[in-house]
$ cat final35.cif   # mmCIF, C-alpha atoms
data_final
loop_
_atom_site.label_atom_id
_atom_site.label_comp_id
_atom_site.auth_asym_id
_atom_site.auth_seq_id
_atom_site.Cartn_x
_atom_site.Cartn_y
_atom_site.Cartn_z
CA MET A 1 115.46 91.96 91.65
CA THR A 2 117.42 92.72 88.53
CA ILE A 3 120.17 95.30 88.36
CA LYS A 4 117.85 97.49 86.28
CA GLN A 5 115.16 97.36 88.97
CA VAL A 6 117.67 98.15 91.70
CA ALA A 7 119.06 101.06 89.70
CA ALA A 8 115.54 102.46 89.30
CA GLN A 9 114.72 101.98 93.00
CA THR A 10 117.95 103.41 94.41
CA GLY A 11 118.82 106.02 91.80
CA VAL A 12 122.27 104.47 91.39
CA SER A 13 123.20 103.78 87.78
CA ILE A 14 123.75 100.24 86.55
CA ASP A 15 127.37 101.06 85.77
CA ASN A 16 127.92 102.42 89.28
CA LEU A 17 126.29 99.37 90.89
CA ARG A 18 128.69 97.13 88.98
CA TYR A 19 131.64 99.38 89.85
CA TYR A 20 130.74 99.57 93.55
CA GLU A 21 130.55 95.79 93.72
CA ARG A 22 133.86 95.40 91.86
CA VAL A 23 135.77 97.77 94.19
CA GLY A 24 134.25 96.39 97.40
CA LEU A 25 131.77 99.12 98.39
CA LEU A 26 129.08 96.46 98.03
CA PRO A 27 129.27 92.79 98.90
CA PRO A 28 129.32 90.28 96.04
CA ILE A 29 125.82 90.00 94.63
CA PRO A 30 124.60 86.44 93.98
CA ARG A 31 124.03 85.49 90.36
CA ASN A 32 121.50 83.22 88.74
CA ASP A 33 122.31 80.34 86.36
CA ALA A 34 122.53 82.80 83.48
CA GLY A 35 125.15 84.82 85.37
CA MET A 36 122.85 87.79 85.99
CA ARG A 37 122.93 89.51 89.37
CA GLU A 38 119.97 88.81 91.65
CA TYR A 39 119.53 91.49 94.31
CA ASP A 40 117.44 90.87 97.41
CA GLU A 41 116.00 93.42 99.83
CA CYS A 42 119.05 93.12 102.07
CA ALA A 43 121.32 94.11 99.16
CA VAL A 44 119.08 97.06 98.31
CA ARG A 45 119.11 98.28 101.92
CA TRP A 46 122.91 97.93 101.94
CA ILE A 47 123.18 99.99 98.73
CA GLU A 48 120.99 102.71 100.23
CA ARG A 49 123.08 102.73 103.42
CA MET A 50 126.37 102.92 101.56
CA MET A 51 125.08 105.71 99.34
CA LYS A 52 124.16 107.73 102.44
CA PHE A 53 127.70 107.30 103.75
CA LYS A 54 129.12 108.22 100.34
CA GLN A 55 126.86 111.28 99.99
CA ALA A 56 127.93 112.43 103.46
CA GLY A 57 131.54 112.38 102.32
CA THR A 58 132.68 109.25 104.11
CA LEU A 59 136.01 108.04 102.77
CA LEU A 60 135.59 105.19 100.31
CA GLU A 61 138.24 103.16 102.15
CA ALA A 62 136.15 103.35 105.34
CA ILE A 63 133.07 102.15 103.47
CA LYS A 64 135.04 99.31 101.89
CA THR A 65 136.44 98.27 105.26
CA TYR A 66 132.99 98.35 106.84
CA THR A 67 131.53 96.31 103.97
CA ALA A 68 134.28 93.70 104.20
CA LEU A 69 133.78 93.37 107.97
CA ALA A 70 129.99 93.29 107.76
CA PHE A 71 130.04 90.43 105.27
CA SER A 72 132.95 88.54 106.83
CA LYS A 73 132.27 84.98 107.95
CA ALA A 74 134.06 85.80 111.22
CA ASP A 75 131.36 88.37 112.13
CA PRO A 76 133.74 90.76 113.93
CA GLN A 77 131.09 93.13 115.27
CA ASP A 78 133.56 94.90 117.54
CA LYS A 79 135.67 95.79 114.48
CA GLN A 80 132.55 96.90 112.60
CA GLN A 81 131.65 99.16 115.51
CA THR A 82 135.16 100.63 115.54
CA VAL A 83 134.84 101.57 111.86
CA LEU A 84 131.35 103.00 112.45
CA ASP A 85 132.69 105.02 115.41
CA GLU A 86 135.45 106.45 113.21
CA ILE A 87 132.89 107.34 110.52
CA ARG A 88 130.64 108.98 113.14
CA HIS A 89 133.50 111.05 114.61
CA ASP A 90 134.52 112.25 111.15
CA LEU A 91 130.91 113.18 110.31
CA GLN A 92 130.54 115.04 113.60
CA ARG A 93 133.75 116.98 112.92
CA ARG A 94 132.52 117.95 109.45
CA ILE A 95 129.09 118.91 110.80
CA ARG A 96 130.76 121.27 113.29
CA LEU A 97 132.82 122.80 110.49
CA LEU A 98 129.75 123.21 108.29
CA GLN A 99 127.85 124.79 111.19
CA GLU A 100 130.69 127.28 111.71
CA CYS A 101 130.57 128.15 108.01
CA LEU A 102 126.79 128.44 108.10
CA ASP A 103 127.03 130.75 111.13
CA LEU A 104 129.32 133.03 109.10
CA THR A 105 126.52 133.57 106.60
CA CYS A 106 124.19 135.03 109.23
CA THR A 107 125.94 138.35 109.72
CA PRO A 108 127.95 140.37 107.22
CA LEU A 109 131.48 141.18 108.27
CA PRO A 110 131.94 144.87 109.13
CA HIS A 111 134.02 146.46 106.46
CA ASP A 112 136.43 149.37 106.98
CA ARG A 113 136.26 151.53 103.83
CA ARG A 114 138.97 154.07 104.49
#
$ encode --input "final35.cif" --output "structure tokens"
Amino acid sequence: MTIKQVAAQTGVSIDNLRYYERVGLLPPIPRNDAGMREYDECAVRWIERMMKFKQAGTLLEAIKTYTALAFSKADPQDKQQTVLDEIRHDLQRRIRLLQECLDLTCTPLPHDRR
């Protein structure tokens, strides 16, 4: 797939796809003889996964670390799991905080108008 096709499919702009690859949020994308990126389905699924993490507020450094580990030749799955566990714990903490805030919207605070 071309970068234009991937941008249309994922909703991520061409500029952002290039940027995310450059900073390590995405693995290096193979290029054809003309130097153009050639995305496969695995790359598209990775983009969609990383965007979910990003949209959920996961720190970019955590995503970069996870990407580097996932595409490492050493295949350190235990290290990948550690990063995913840290991401999960942070998401759970933020979900609890959001739920507390949401709960506050259910009942107005009594107001003393003396």
$ closest_residue --input "final35.cif" --among "A:Ile29, A:Met51, A:Ala34, A:Cys106" --to "Thr10 in chain A" --atoms "all atoms listed in the file"
A:Met51
$ resolve_selection --input "final35.cif" --expression "the PyMOL selection byres ((chain A and resi 62) around 12)" --output "list in words"
Gly24, Leu25, Met50, Phe53, Lys54, Gly57, Thr58, Leu59, Leu60, Glu61, Ile63, Lys64, Thr65, Tyr66, Thr67, Ala68, Leu69, Lys79, Gln80, Gln81, Thr82, Val83, Leu84, Asp85, Glu86, Ile87, Arg88 and Asp90 of chain A
$ resolve_selection --input "final35.cif" --expression "the PyMOL selection byres ((chain A and resi 39) around 7)" --output "number ranges by chain"
A: 1-2, 29, 37-38, 40-41, 43-44
$ atom_distance --input "final35.cif" --atom1 "CA of Gly11 in chain A" --atom2 "CA of Trp46 in chain A"
13.6 Å
$ axis_aligned_box --input "final35.cif" --around "range 17-31 of chain A" --padding-each-side "6 Å" --output "lines of an AutoDock Vina configuration file"
center_x = 129.9
center_y = 92.5
center_z = 93.9
size_x = 23.7
size_y = 26.1
size_z = 21.9
$ atom_distance --input "final35.cif" --atom1 "CA of Asp103 in chain A" --atom2 "CA of Gln55 in chain A"
22.4 Å
$ atom_distance --input "final35.cif" --atom1 "CA of Asn16 in chain A" --atom2 "CA of Lys52 in chain A"
14.7 Å
$ decode --input "final35.cif" --residues "range 51-82 of chain A" --atoms "N, CA, C and O atoms" --output "short mmCIF file (atom, residue, chain, number, x, y, z; two decimals), in the first residue's frame"
data_model
loop_
_atom_site.label_atom_id
_atom_site.label_comp_id
_atom_site.auth_asym_id
_atom_site.auth_seq_id
_atom_site.Cartn_x
_atom_site.Cartn_y
_atom_site.Cartn_z
N MET A 51 -2.01 4.36 17.31
CA MET A 51 -2.92 5.49 17.39
C MET A 51 -3.90 5.33 18.55
O MET A 51 -4.25 6.31 19.20
N LYS A 52 -4.32 4.11 18.82
CA LYS A 52 -5.20 3.87 19.97
C LYS A 52 -4.47 4.24 21.26
O LYS A 52 -5.02 4.91 22.13
N PHE A 53 -3.21 3.79 21.37
CA PHE A 53 -2.42 4.14 22.55
C PHE A 53 -2.28 5.66 22.66
O PHE A 53 -2.45 6.24 23.72
N LYS A 54 -1.96 6.29 21.54
CA LYS A 54 -1.76 7.74 21.53
C LYS A 54 -3.05 8.47 21.91
O LYS A 54 -3.04 9.39 22.73
N GLN A 55 -4.18 8.05 21.33
CA GLN A 55 -5.46 8.68 21.63
C GLN A 55 -5.85 8.50 23.10
O GLN A 55 -6.54 9.34 23.67
N ALA A 56 -5.41 7.41 23.70
CA ALA A 56 -5.72 7.15 25.10
C ALA A 56 -4.80 7.92 26.04
O ALA A 56 -4.95 7.85 27.25
N GLY A 57 -3.84 8.64 25.47
CA GLY A 57 -2.97 9.47 26.29
C GLY A 57 -1.70 8.78 26.75
O GLY A 57 -1.02 9.28 27.65
N THR A 58 -1.37 7.65 26.15
CA THR A 58 -0.14 6.96 26.50
C THR A 58 1.05 7.86 26.16
O THR A 58 1.07 8.50 25.12
N LEU A 59 2.02 7.89 27.05
CA LEU A 59 3.20 8.70 26.81
C LEU A 59 3.92 8.23 25.56
O LEU A 59 4.07 7.03 25.32
N LEU A 60 4.36 9.19 24.74
CA LEU A 60 5.03 8.86 23.49
C LEU A 60 6.29 8.03 23.73
O LEU A 60 6.61 7.14 22.94
N GLU A 61 6.99 8.30 24.82
CA GLU A 61 8.20 7.52 25.12
C GLU A 61 7.86 6.05 25.35
O GLU A 61 8.62 5.17 24.95
N ALA A 62 6.73 5.77 25.98
CA ALA A 62 6.31 4.38 26.20
C ALA A 62 5.99 3.71 24.87
O ALA A 62 6.36 2.54 24.66
N ILE A 63 5.34 4.43 23.97
CA ILE A 63 5.02 3.87 22.66
C ILE A 63 6.31 3.61 21.88
O ILE A 63 6.46 2.56 21.25
N LYS A 64 7.23 4.53 21.94
CA LYS A 64 8.51 4.37 21.24
C LYS A 64 9.28 3.17 21.79
O LYS A 64 9.83 2.37 21.03
N THR A 65 9.29 3.03 23.11
CA THR A 65 9.98 1.90 23.72
C THR A 65 9.34 0.58 23.29
O THR A 65 10.02 -0.37 22.91
N TYR A 66 8.02 0.54 23.32
CA TYR A 66 7.30 -0.67 22.92
C TYR A 66 7.57 -0.99 21.45
O TYR A 66 7.83 -2.14 21.10
N THR A 67 7.56 0.01 20.60
CA THR A 67 7.83 -0.21 19.17
C THR A 67 9.23 -0.76 18.98
O THR A 67 9.43 -1.74 18.24
N ALA A 68 10.21 -0.16 19.63
CA ALA A 68 11.60 -0.62 19.50
C ALA A 68 11.73 -2.07 19.95
O ALA A 68 12.40 -2.88 19.28
N LEU A 69 11.10 -2.42 21.07
CA LEU A 69 11.18 -3.79 21.57
C LEU A 69 10.45 -4.77 20.64
O LEU A 69 10.95 -5.87 20.38
N ALA A 70 9.29 -4.36 20.16
CA ALA A 70 8.49 -5.25 19.32
C ALA A 70 9.19 -5.58 18.01
O ALA A 70 9.01 -6.68 17.46
N PHE A 71 9.99 -4.67 17.51
CA PHE A 71 10.65 -4.89 16.22
C PHE A 71 12.15 -5.18 16.39
O PHE A 71 12.90 -5.18 15.42
N SER A 72 12.55 -5.48 17.61
CA SER A 72 13.94 -5.83 17.88
C SER A 72 14.22 -7.25 17.39
O SER A 72 13.37 -8.13 17.49
N LYS A 73 15.38 -7.47 16.89
CA LYS A 73 15.78 -8.81 16.44
C LYS A 73 15.88 -9.78 17.63
O LYS A 73 15.71 -10.97 17.49
N ALA A 74 16.13 -9.24 18.82
CA ALA A 74 16.29 -10.07 20.01
C ALA A 74 14.96 -10.65 20.50
O ALA A 74 14.95 -11.60 21.26
N ASP A 75 13.84 -10.05 20.08
CA ASP A 75 12.50 -10.51 20.45
C ASP A 75 12.33 -10.64 21.97
O ASP A 75 11.99 -11.70 22.48
N PRO A 76 12.59 -9.56 22.70
CA PRO A 76 12.48 -9.61 24.17
C PRO A 76 11.03 -9.47 24.63
O PRO A 76 10.61 -8.43 25.11
N GLN A 77 10.26 -10.54 24.50
CA GLN A 77 8.83 -10.46 24.82
C GLN A 77 8.58 -10.12 26.28
O GLN A 77 7.59 -9.46 26.59
N ASP A 78 9.46 -10.54 27.18
CA ASP A 78 9.26 -10.19 28.58
C ASP A 78 9.37 -8.68 28.78
O ASP A 78 8.62 -8.09 29.55
N LYS A 79 10.28 -8.04 28.06
CA LYS A 79 10.42 -6.58 28.15
C LYS A 79 9.22 -5.89 27.51
O LYS A 79 8.74 -4.88 28.02
N GLN A 80 8.74 -6.44 26.40
CA GLN A 80 7.53 -5.89 25.77
C GLN A 80 6.37 -5.94 26.75
O GLN A 80 5.63 -4.98 26.90
N GLN A 81 6.23 -7.08 27.43
CA GLN A 81 5.12 -7.24 28.38
C GLN A 81 5.25 -6.26 29.53
O GLN A 81 4.24 -5.73 30.01
N THR A 82 6.46 -6.01 29.97
CA THR A 82 6.67 -5.04 31.05
C THR A 82 6.19 -3.66 30.63
O THR A 82 5.50 -2.97 31.39
#
